[in-house]
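Dropping input.cif in here (mmCIF, C-alpha atoms):
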data_run
loop_
_atom_site.label_atom_id
_atom_site.label_comp_id
_atom_site.auth_asym_id
_atom_site.auth_seq_id
_atom_site.Cartn_x
_atom_site.Cartn_y
_atom_site.Cartn_z
CA MET A 110 18.04 7.59 28.84
CA THR A 111 16.10 6.06 25.97
CA MET A 112 12.53 7.05 25.32
CA ASN A 113 10.20 4.57 23.67
CA ASP A 114 6.41 4.44 23.33
CA ASP A 115 5.89 2.13 26.31
CA ARG A 116 7.91 4.32 28.60
CA LEU A 117 6.12 7.46 27.40
CA ASP A 118 2.77 5.69 27.93
CA ARG A 119 3.69 4.94 31.52
CA ILE A 120 4.84 8.50 32.26
CA VAL A 121 1.63 9.88 30.69
CA GLY A 122 -0.37 7.54 32.93
CA VAL A 123 1.39 8.88 36.03
CA VAL A 124 0.81 12.50 34.91
CA LEU A 125 -2.91 11.90 34.42
CA ARG A 126 -3.38 10.09 37.74
CA THR A 127 -1.42 12.70 39.69
CA GLY A 128 -3.45 15.53 38.15
CA VAL A 129 -6.80 13.91 38.89
CA ILE A 130 -5.87 13.02 42.49
CA LEU A 131 -4.52 16.52 43.22
CA ALA A 132 -7.59 18.16 41.66
CA ALA A 133 -10.03 15.88 43.49
CA ALA A 134 -8.28 16.57 46.81
CA LEU A 135 -8.51 20.36 46.31
CA VAL A 136 -12.17 20.18 45.26
CA LEU A 137 -13.02 17.88 48.19
CA VAL A 138 -11.28 20.01 50.84
CA GLY A 139 -12.73 23.23 49.39
CA GLY A 140 -16.16 21.63 49.08
CA ILE A 141 -16.26 20.44 52.70
CA ALA A 142 -15.08 23.86 53.90
CA LEU A 143 -17.68 25.61 51.73
CA LEU A 144 -20.55 23.45 52.97
CA ALA A 145 -19.37 23.80 56.58
CA THR A 146 -19.35 27.60 56.37
CA HIS A 147 -22.07 28.37 53.80
CA GLY A 148 -24.15 25.17 53.92
CA GLN A 149 -27.36 26.92 54.94
CA GLN A 150 -27.16 29.57 52.23
CA VAL A 151 -29.66 29.26 49.39
CA PRO A 152 -27.68 29.59 46.18
CA ASP A 153 -28.91 31.00 42.89
CA TYR A 154 -27.91 28.91 39.90
CA HIS A 155 -31.16 29.33 38.02
CA LYS A 156 -30.13 32.54 36.35
CA PHE A 157 -26.93 33.26 34.51
CA HIS A 158 -24.83 36.14 35.86
CA PRO A 159 -22.47 37.08 33.07
CA GLN A 160 -20.23 39.41 35.07
CA SER A 161 -16.51 38.88 35.17
CA THR A 162 -15.29 37.87 38.64
CA PRO A 163 -11.90 36.81 40.03
CA LEU A 164 -13.21 33.24 39.58
CA THR A 165 -12.91 33.59 35.81
CA THR A 166 -9.19 34.38 35.72
CA ILE A 167 -6.25 32.18 36.67
CA GLY A 168 -4.61 34.96 38.69
CA GLY A 169 -7.83 35.70 40.56
CA VAL A 170 -8.36 32.05 41.47
CA TRP A 171 -4.77 31.68 42.65
CA HIS A 172 -5.03 34.80 44.80
CA GLY A 173 -8.20 33.55 46.52
CA ALA A 174 -6.85 30.03 46.97
CA ILE A 175 -3.67 31.07 48.77
CA HIS A 176 -5.93 32.89 51.25
CA LEU A 177 -7.66 29.50 51.72
CA GLU A 178 -11.10 30.72 50.67
CA PRO A 179 -13.19 27.57 50.10
CA ILE A 180 -14.79 28.66 46.82
CA TYR A 181 -11.38 29.51 45.36
CA LEU A 182 -9.88 26.23 46.54
CA ILE A 183 -12.57 24.38 44.59
CA GLN A 184 -11.97 26.52 41.52
CA LEU A 185 -8.20 25.92 41.82
CA GLY A 186 -8.94 22.19 41.85
CA LEU A 187 -11.00 22.59 38.68
CA LEU A 188 -8.14 24.55 37.07
CA VAL A 189 -5.72 21.73 37.99
CA LEU A 190 -8.14 19.33 36.31
CA ILE A 191 -8.27 21.47 33.16
CA ALA A 192 -4.45 21.76 33.20
CA THR A 193 -3.95 17.98 33.46
CA PRO A 194 -4.50 17.23 29.74
CA VAL A 195 -2.31 20.24 28.90
CA VAL A 196 0.53 18.80 31.02
CA ARG A 197 -0.06 15.47 29.31
CA VAL A 198 0.50 17.07 25.90
CA ILE A 199 3.64 18.86 27.19
CA THR A 200 4.89 15.46 28.39
CA CYS A 201 4.31 14.07 24.90
CA VAL A 202 6.23 16.95 23.26
CA ALA A 203 9.19 16.33 25.58
CA GLY A 204 8.94 12.53 25.31
CA PHE A 205 8.87 12.44 21.51
CA ALA A 206 11.67 15.02 21.31
CA LEU A 207 13.83 12.90 23.66
CA GLY A 208 13.11 9.86 21.48
CA ARG A 209 14.11 11.94 18.42
CA ASP A 210 10.67 11.38 16.91
CA TRP A 211 10.50 14.86 15.41
CA MET A 212 7.28 14.26 13.48
CA TYR A 213 5.30 13.49 16.64
CA ALA A 214 7.12 16.10 18.69
CA ALA A 215 5.76 18.57 16.10
CA VAL A 216 2.27 17.04 16.15
CA SER A 217 2.13 17.30 19.96
CA LEU A 218 3.47 20.86 19.75
CA ILE A 219 0.63 21.88 17.40
CA VAL A 220 -1.93 20.41 19.83
CA LEU A 221 -0.22 22.28 22.67
CA VAL A 222 -0.35 25.58 20.75
CA CYS A 223 -4.11 25.09 20.17
CA LEU A 224 -4.64 24.42 23.89
CA LEU A 225 -2.59 27.39 25.04
CA ALA A 226 -4.29 29.64 22.47
CA SER A 227 -7.72 28.79 23.90
CA ILE A 228 -6.53 29.54 27.42
CA THR A 229 -4.56 32.73 26.72
CA ILE A 230 -6.30 34.55 23.86
CA SER A 231 -8.87 36.59 25.76
CA GLY A 232 -10.84 37.56 22.67
CA LEU A 233 -12.12 34.00 22.24
CA MET B 877 -26.83 24.41 49.39
CA LEU B 878 -26.07 21.32 51.49
CA LEU B 879 -29.17 19.58 50.12
CA PHE B 880 -28.47 20.70 46.55
CA SER B 881 -24.86 19.46 46.72
CA SER B 882 -25.85 16.09 48.21
CA LEU B 883 -28.55 15.42 45.61
CA VAL B 884 -26.33 16.52 42.71
CA PHE B 885 -23.52 14.36 44.10
CA LEU B 886 -25.81 11.29 44.17
CA ALA B 887 -27.10 11.95 40.64
CA ALA B 888 -23.56 12.46 39.33
CA THR B 889 -22.37 9.27 41.06
CA ALA B 890 -25.15 7.31 39.34
CA ALA B 891 -24.29 8.90 35.98
CA GLY B 892 -20.59 8.15 36.37
CA PHE B 893 -21.31 4.59 37.52
CA ILE B 894 -23.61 3.67 34.64
CA GLY B 895 -21.45 5.62 32.21
CA SER B 896 -18.33 3.64 32.98
CA LEU B 897 -20.19 0.29 33.14
CA THR B 898 -21.77 0.73 29.73
CA GLY B 899 -18.81 2.58 28.24
CA LEU B 900 -21.06 5.41 27.11
CA GLY B 901 -19.61 8.06 29.39
CA GLY B 902 -21.94 9.55 31.97
CA GLY B 903 -21.05 13.08 30.91
CA VAL B 904 -23.72 13.15 28.27
CA VAL B 905 -26.53 13.06 30.87
CA ILE B 906 -24.99 15.55 33.33
CA THR B 907 -26.14 18.69 31.53
CA PRO B 908 -29.77 17.58 30.99
CA VAL B 909 -30.04 16.27 34.57
CA LEU B 910 -28.73 19.54 36.03
CA ALA B 911 -30.85 21.69 33.73
CA LEU B 912 -34.10 19.68 33.88
CA LEU B 913 -34.11 18.21 37.40
CA PHE B 914 -32.18 20.86 39.33
CA HIS B 915 -33.13 23.88 37.18
CA VAL B 916 -29.53 24.99 36.87
CA ASP B 917 -28.91 27.51 34.08
CA LEU B 918 -27.87 25.64 30.94
CA ARG B 919 -24.53 27.46 30.74
CA TYR B 920 -23.53 26.52 34.30
CA ALA B 921 -24.67 22.95 33.62
CA MET B 922 -22.54 22.77 30.47
CA GLY B 923 -19.52 24.14 32.35
CA ALA B 924 -19.89 21.53 35.10
CA SER B 925 -20.36 18.78 32.52
CA LEU B 926 -17.28 19.83 30.55
CA VAL B 927 -15.05 19.77 33.65
CA SER B 928 -16.42 16.40 34.80
CA VAL B 929 -15.71 15.00 31.34
CA ILE B 930 -12.03 15.94 31.78
CA ALA B 931 -12.03 14.20 35.17
CA THR B 932 -13.41 10.88 33.92
CA SER B 933 -11.30 10.96 30.77
CA SER B 934 -8.06 11.52 32.66
CA GLY B 935 -9.01 8.98 35.34
CA ALA B 936 -9.96 6.27 32.87
CA ALA B 937 -7.19 7.04 30.37
CA SER B 938 -4.51 6.34 32.96
CA ALA B 939 -5.92 2.80 33.28
CA TYR B 940 -6.35 2.27 29.52
CA VAL B 941 -2.79 3.43 28.83
CA ARG B 942 -1.51 0.74 31.19
CA GLU B 943 -3.46 -1.98 29.41
CA GLY B 944 -1.99 -1.02 26.03
CA PHE B 945 -5.25 -0.45 24.15
CA SER B 946 -4.93 3.22 23.38
CA ASN B 947 -2.78 4.45 20.52
CA VAL B 948 -0.98 7.65 21.53
CA ARG B 949 0.00 8.57 17.95
CA ILE B 950 -3.52 8.26 16.55
CA GLY B 951 -4.78 10.21 19.56
CA LEU B 952 -2.32 13.08 19.17
CA LEU B 953 -2.71 13.42 15.40
CA LEU B 954 -6.50 13.56 15.67
CA GLU B 955 -6.32 15.92 18.65
CA ILE B 956 -5.10 18.61 16.23
CA ALA B 957 -8.56 18.38 14.65
CA THR B 958 -10.56 18.04 17.88
CA THR B 959 -8.87 20.91 19.74
CA CYS B 960 -9.30 23.33 16.80
CA GLY B 961 -12.91 22.19 16.49
CA ALA B 962 -13.48 22.55 20.24
CA ILE B 963 -12.33 26.18 20.25
CA VAL B 964 -14.65 26.96 17.32
CA GLY B 965 -17.52 25.15 19.08
CA ALA B 966 -16.98 26.93 22.39
CA VAL B 967 -16.84 30.36 20.75
CA VAL B 968 -20.00 29.62 18.76
CA ALA B 969 -21.69 28.39 21.97
CA THR B 970 -21.07 31.70 23.73
CA HIS B 971 -22.96 33.48 20.93
CA THR B 972 -25.85 31.02 20.70
CA PRO B 973 -29.12 31.33 22.67
CA THR B 974 -29.61 28.57 25.24
CA ALA B 975 -32.92 27.51 23.65
CA ALA B 976 -31.03 26.58 20.48
CA LEU B 977 -28.24 24.87 22.45
CA SER B 978 -30.67 22.69 24.37
CA SER B 979 -32.47 21.65 21.18
CA ILE B 980 -29.19 20.74 19.48
CA MET B 981 -28.20 18.79 22.56
CA GLY B 982 -31.52 16.94 22.51
CA VAL B 983 -30.96 15.86 18.92
CA LEU B 984 -27.45 14.68 19.76
CA LEU B 985 -28.74 12.75 22.80
CA LEU B 986 -31.33 10.98 20.63
CA PHE B 987 -28.56 10.02 18.24
CA SER B 988 -26.31 8.67 20.99
CA ALA B 989 -29.21 6.74 22.58
CA TYR B 990 -29.79 5.10 19.20
CA SER B 991 -26.15 4.37 18.40
CA SER B 992 -25.42 2.97 21.88
CA THR B 993 -27.78 0.07 21.29
CA ARG B 994 -26.17 -0.87 17.96
CA PRO B 995 -23.67 -3.73 17.87
CA HIS B 996 -19.99 -2.99 17.23
CA PRO B 997 -18.43 -5.59 14.96
CA ASP B 998 -14.66 -5.41 14.56
CA HIS B 999 -13.76 -5.11 10.90
CA LEU B 1000 -10.04 -5.18 10.38
CA ALA B 1001 -8.76 -3.79 7.12
CA ASN B 1002 -6.06 -5.52 5.12
CA THR B 1003 -4.71 -2.50 3.32
CA ALA B 1004 -3.66 0.63 5.11
CA ASP B 1005 -4.06 4.22 3.98
CA PRO B 1006 -0.65 5.49 2.73
CA LEU B 1007 -1.09 8.40 5.17
CA ALA B 1008 -1.30 5.87 8.00
CA HIS B 1009 2.16 4.63 6.99
CA ARG B 1010 3.55 8.15 6.74
CA PHE B 1011 2.27 9.01 10.23
CA ARG B 1012 3.07 5.53 11.61
CA LEU B 1013 -0.47 5.04 12.93
CA ASN B 1014 -0.69 1.27 12.46
CA GLY B 1015 -0.33 -0.57 15.73
CA GLU B 1016 -1.13 -3.64 17.75
CA TYR B 1017 -3.24 -4.44 20.78
CA PRO B 1018 -3.72 -7.33 23.22
CA SER B 1019 -6.72 -9.57 22.41
CA GLU B 1020 -7.88 -13.00 23.58
CA ASN B 1021 -5.83 -14.58 20.79
CA GLY B 1022 -2.63 -12.78 21.68
CA ILE B 1023 -1.25 -9.58 20.19
CA LYS B 1024 -3.19 -8.46 17.11
CA LYS B 1025 -1.95 -6.00 14.51
CA TYR B 1026 -4.19 -3.45 12.81
CA GLU B 1027 -3.88 -1.15 9.83
CA VAL B 1028 -5.55 2.24 9.74
CA GLN B 1029 -7.66 3.50 6.83
CA GLY B 1030 -9.44 6.71 5.93
CA VAL B 1031 -7.09 9.08 7.77
CA LYS B 1032 -8.43 12.19 5.98
CA SER B 1033 -12.12 11.42 6.50
CA GLY B 1034 -11.49 10.40 10.11
CA PHE B 1035 -9.58 13.64 10.69
CA SER B 1036 -12.47 15.68 9.22
CA LEU B 1037 -15.10 13.96 11.36
CA MET B 1038 -12.87 14.56 14.40
CA PHE B 1039 -13.05 18.29 13.70
CA GLY B 1040 -16.84 17.91 13.89
CA ALA B 1041 -16.53 15.94 17.13
CA GLY B 1042 -14.45 18.79 18.54
CA VAL B 1043 -17.04 21.40 17.50
CA THR B 1044 -19.82 19.38 19.17
CA SER B 1045 -17.76 18.99 22.32
CA GLY B 1046 -17.14 22.72 22.63
CA LEU B 1047 -20.64 23.68 21.56
CA LEU B 1048 -22.41 21.46 24.09
CA GLY B 1049 -19.89 20.90 26.87
CA ILE B 1050 -19.72 17.15 26.35
CA GLY B 1051 -16.94 14.68 25.58
CA SER B 1052 -18.29 13.69 22.15
CA GLY B 1053 -17.00 10.18 22.78
CA ALA B 1054 -19.65 8.58 20.58
CA LEU B 1055 -18.66 10.67 17.53
CA LYS B 1056 -14.98 10.06 18.15
CA VAL B 1057 -15.51 6.31 18.31
CA ILE B 1058 -17.52 6.41 15.07
CA ALA B 1059 -14.72 8.30 13.32
CA MET B 1060 -12.12 5.76 14.40
CA ASP B 1061 -14.19 2.57 14.38
CA ARG B 1062 -16.25 3.07 11.21
CA LEU B 1063 -14.16 5.43 9.04
CA MET B 1064 -10.62 4.57 10.05
CA ARG B 1065 -11.35 0.88 10.71
CA ILE B 1066 -9.53 0.87 14.01
CA PRO B 1067 -10.51 -2.06 16.31
CA PHE B 1068 -13.38 -1.10 18.63
CA LYS B 1069 -11.40 -1.53 21.84
CA VAL B 1070 -8.56 0.61 20.54
CA SER B 1071 -11.08 3.19 19.30
CA THR B 1072 -12.87 3.51 22.65
CA ALA B 1073 -9.61 3.64 24.64
CA THR B 1074 -8.06 6.22 22.31
CA SER B 1075 -11.29 8.24 22.28
CA ASN B 1076 -11.30 8.31 26.06
CA PHE B 1077 -7.72 9.50 25.97
CA MET B 1078 -8.60 12.32 23.53
CA ILE B 1079 -11.72 13.52 25.34
CA GLY B 1080 -9.73 15.26 28.09
CA VAL B 1081 -7.54 17.22 25.69
CA THR B 1082 -10.53 18.18 23.53
CA ALA B 1083 -12.53 19.37 26.53
CA ALA B 1084 -9.55 21.29 27.92
CA ALA B 1085 -9.47 23.29 24.67
CA SER B 1086 -12.99 24.64 25.24
CA ALA B 1087 -12.60 24.90 29.03
CA GLY B 1088 -10.46 28.02 28.69
CA VAL B 1089 -13.25 29.78 26.77
CA TYR B 1090 -15.94 28.56 29.21
CA LEU B 1091 -13.89 29.71 32.20
CA ARG B 1092 -13.42 33.25 30.90
CA ARG B 1093 -17.14 33.54 30.16
CA GLY B 1094 -17.98 32.56 33.75
CA TRP B 1095 -19.66 29.27 32.76
CA ILE B 1096 -17.55 27.23 35.21
CA VAL B 1097 -18.82 27.94 38.73
CA PRO B 1098 -17.23 26.09 41.67
CA ASP B 1099 -20.31 25.48 43.83
CA VAL B 1100 -22.27 23.77 41.02
CA THR B 1101 -19.30 21.89 39.60
CA MET B 1102 -17.91 20.59 42.91
CA PRO B 1103 -20.54 17.87 43.60
CA VAL B 1104 -20.68 16.95 39.90
CA VAL B 1105 -16.94 16.33 39.53
CA LEU B 1106 -16.64 14.39 42.79
CA GLY B 1107 -19.76 12.33 42.07
CA VAL B 1108 -18.77 11.40 38.53
CA LEU B 1109 -15.28 10.43 39.69
CA VAL B 1110 -16.57 8.22 42.53
CA GLY B 1111 -19.23 6.67 40.29
CA SER B 1112 -16.85 5.85 37.46
CA LEU B 1113 -14.30 4.36 39.88
CA ILE B 1114 -16.94 2.02 41.35
CA GLY B 1115 -18.14 1.21 37.84
CA ALA B 1116 -14.64 0.33 36.64
CA ARG B 1117 -14.17 -2.04 39.61
CA MET B 1118 -17.46 -3.82 38.93
CA LEU B 1119 -17.00 -4.15 35.19
CA SER B 1120 -17.04 -7.95 35.18
CA GLY B 1121 -20.28 -9.69 36.08
CA ALA B 1122 -22.57 -6.69 35.64
CA PRO B 1123 -25.62 -7.04 33.37
CA VAL B 1124 -24.13 -4.59 30.88
CA LYS B 1125 -26.61 -5.35 28.11
CA ILE B 1126 -29.68 -4.53 30.22
CA LEU B 1127 -27.96 -1.45 31.61
CA ARG B 1128 -27.13 -0.33 28.09
CA TYR B 1129 -30.81 -0.41 27.03
CA LEU B 1130 -31.92 1.17 30.29
CA PHE B 1131 -29.38 3.96 29.88
CA ALA B 1132 -30.38 4.45 26.24
CA ALA B 1133 -34.02 4.80 27.35
CA VAL B 1134 -33.12 7.39 29.99
CA VAL B 1135 -31.00 9.32 27.48
CA GLY B 1136 -33.88 9.20 24.99
CA ILE B 1137 -36.34 10.67 27.51
CA LEU B 1138 -33.88 13.40 28.50
CA ALA B 1139 -33.36 14.17 24.80
CA ILE B 1140 -37.07 14.77 24.21
CA GLU B 1141 -37.29 16.93 27.35
CA MET B 1142 -34.33 19.00 26.17
CA ILE B 1143 -35.86 19.58 22.73
CA TYR B 1144 -39.23 20.41 24.31
CA GLY B 1145 -37.56 22.78 26.80
CA GLY B 1146 -35.66 24.43 23.97
CA ILE B 1147 -38.71 24.93 21.75
CA THR B 1148 -40.90 26.28 24.55
CA GLY B 1149 -38.05 28.54 25.69
CA ARG B 1150 -37.92 27.15 29.23
CA LEU B 1151 -34.21 26.31 29.00
#
Could you render the structure from this file as structure tokens?
Amino acid sequence: MTMNDDRLDRIVGVVLRTGVILAAALVLVGGIALLATHGQQVPDYHKFHPQSTPLTTIGGVWHGAIHLEPIYLIQLGLLVLIATPVVRVITCVAGFALGRDWMYAAVSLIVLVCLLASITISGL
Amino acid sequence: MLLFSSLVFLAATAAGFIGSLTGLGGGVVITPVLALLFHVDLRYAMGASLVSVIATSSGAASAYVREGFSNVRIGLLLEIATTCGAIVGAVVATHTPTAALSSIMGVLLLFSAYSSTRPHPDHLANTADPLAHRFRLNGEYPSENGIKKYEVQGVKSGFSLMFGAGVTSGLLGIGSGALKVIAMDRLMRIPFKVSTATSNFMIGVTAAASAGVYLRRGWIVPDVTMPVVLGVLVGSLIGARMLSGAPVKILRYLFAAVVGILAIEMIYGGITGRL
């Protein structure tokens, strides 16, 4: 299989579209479920509550989402959305490496390291 | 909550619609609208805005990539600068009082209202930066007169400004599209269409770099973000369909006026400590 820029462009396009559609579907389903069950509740967004909740960790969100809790389904959708550009960069690393374009495989890899650092280093 | 979600959805749809019609990106007005009109805490508003920016960028980029305007190499090389900048910006944001953040955002909004009404002449350079050759950044794009080639200049200065664009993106929860376009269009002399398409492509990756920090700090809350993301997506899809035949010039000035008013409100809110 040969890998050229056009082909990589097309694959990247598919990755982006798939990510957005999947994320939107999760947010929509979770949103409808949330409004159907908690629609009458008066929420409080005016003040910032800085506590750490399961919603702020990937594991916590996943755990809530597999139990089909609406609020966690929405948050899972948002995580999919945030992950979409990361997957795009991974696709570029693989694509350039397959095309033996080592310079741009390295460039994409540096971008990927920056992205993963921001997600995994909890001190930031 | 039903009422709140419906109203925010409508506002976000309008922002996404006008944003994609005028090419300014509706993300820049999301935070002020949520904070000023709906009295959402600035941090939650910035989190919602940042996520919606990723949504529109990824949605629009998939179309741009197909049309062959965006330059993946330029995008990736500059993303090294924007992602590092975004992490710095996001970390600084978590240690900055909201009054200061809203004032900074107001100033940036004023700037983008001003720059959006300026014309964008294409100025192609004849000589490329040697670095552009080394990194194989020079490319071609489809224009009315067939395929056009372009040479890239000012790689170092463009790269530096991109770091600044990343910092702004992380600091304020926006896409920083305007700054990215300036770096590519003015400093690197990349054709305007290629600059905007590549900028759109980069916005998602840049925003994803600060999203991790925002998420851990609890700035991304699902019930606020849900109507914003869906609205902006729907609005920008409708906008992209209607691109031909819309009175873009009038919309541009109208949008600039709205952004200007929001900017002054943000600065005022910041100074008086309301935000």
Selection dump of the PyMOL selection byres ((chain A and resi 124) around 12), as an mmCIF file with C-alpha atoms, keeping the file's coordinate frame:
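Once everything was written out, this is out27.cif:
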data_model
loop_
_atom_site.group_PDB
_atom_site.id
_atom_site.type_symbol
_atom_site.label_atom_id
_atom_site.label_comp_id
_atom_site.auth_asym_id
_atom_site.auth_seq_id
_atom_site.Cartn_x
_atom_site.Cartn_y
_atom_site.Cartn_z
ATOM 1 C CA LEU A 117 6.120 7.460 27.400
ATOM 2 C CA ASP A 118 2.770 5.690 27.930
ATOM 3 C CA ARG A 119 3.690 4.940 31.520
ATOM 4 C CA ILE A 120 4.840 8.500 32.260
ATOM 5 C CA VAL A 121 1.630 9.880 30.690
ATOM 6 C CA GLY A 122 -0.370 7.540 32.930
ATOM 7 C CA VAL A 123 1.390 8.880 36.030
ATOM 8 C CA LEU A 125 -2.910 11.900 34.420
ATOM 9 C CA ARG A 126 -3.380 10.090 37.740
ATOM 10 C CA THR A 127 -1.420 12.700 39.690
ATOM 11 C CA GLY A 128 -3.450 15.530 38.150
ATOM 12 C CA VAL A 129 -6.800 13.910 38.890
ATOM 13 C CA ILE A 130 -5.870 13.020 42.490
ATOM 14 C CA LEU A 131 -4.520 16.520 43.220
ATOM 15 C CA VAL A 189 -5.720 21.730 37.990
ATOM 16 C CA LEU A 190 -8.140 19.330 36.310
ATOM 17 C CA ALA A 192 -4.450 21.760 33.200
ATOM 18 C CA THR A 193 -3.950 17.980 33.460
ATOM 19 C CA PRO A 194 -4.500 17.230 29.740
ATOM 20 C CA VAL A 195 -2.310 20.240 28.900
ATOM 21 C CA VAL A 196 0.530 18.800 31.020
ATOM 22 C CA ARG A 197 -0.060 15.470 29.310
ATOM 23 C CA VAL A 198 0.500 17.070 25.900
ATOM 24 C CA ILE A 199 3.640 18.860 27.190
ATOM 25 C CA THR A 200 4.890 15.460 28.390
ATOM 26 C CA CYS A 201 4.310 14.070 24.900
ATOM 27 C CA SER B 934 -8.060 11.520 32.660
ATOM 28 C CA GLY B 935 -9.010 8.980 35.340
ATOM 29 C CA ALA B 937 -7.190 7.040 30.370
ATOM 30 C CA SER B 938 -4.510 6.340 32.960
ATOM 31 C CA ALA B 939 -5.920 2.800 33.280
ATOM 32 C CA VAL B 941 -2.790 3.430 28.830
#
Inset, instruction - List, as JSON, numbers by chain, every residue that the PyMOL selection byres ((chain A) within 6 of (chain B)) selects in the file provided. - result: {"A": [122, 125, 148, 150, 151, 154, 155, 156, 165, 183, 184, 191, 194, 220, 224, 227, 228]}
Legend entry - Separation of atom CA of Thr1148 of chain B from atom CA of Ala975 of chain B, in Å and rounded to one decimal: 8.1 Å
Inset, instruction - Record the distance separating atom CA of Ile950 of chain B and atom CA of Asn1014 of chain B, expressed in Å with one decimal. - result: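 Computing the Euclidean distance for atom CA of Ile950 of chain B and atom CA of Asn1014 of chain B yields 8.6 Å.
Atom to atom, atom CA of Pro1123 of chain B and atom CA of Met1060 of chain B stand 26.6 Å apart.
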Inset, instruction - Using the chain letters and numbering of this document, enumerate as an MDAnalysis selection string the residues selected by the PyMOL selection byres ((chain A and resi 182) around 9). - result: (chainID A and resid 135:136 138:140 170:171 173:175 177:181 183:187) or (chainID B and resid 1098)
Legend entry - Ile980 of chain B environment, 9 Å, all atoms listed in the file, sequence neighbours closer than 5 positions dropped, as JSON, numbers by chain: {"B": [975, 985, 1048, 1142, 1143, 1146]}
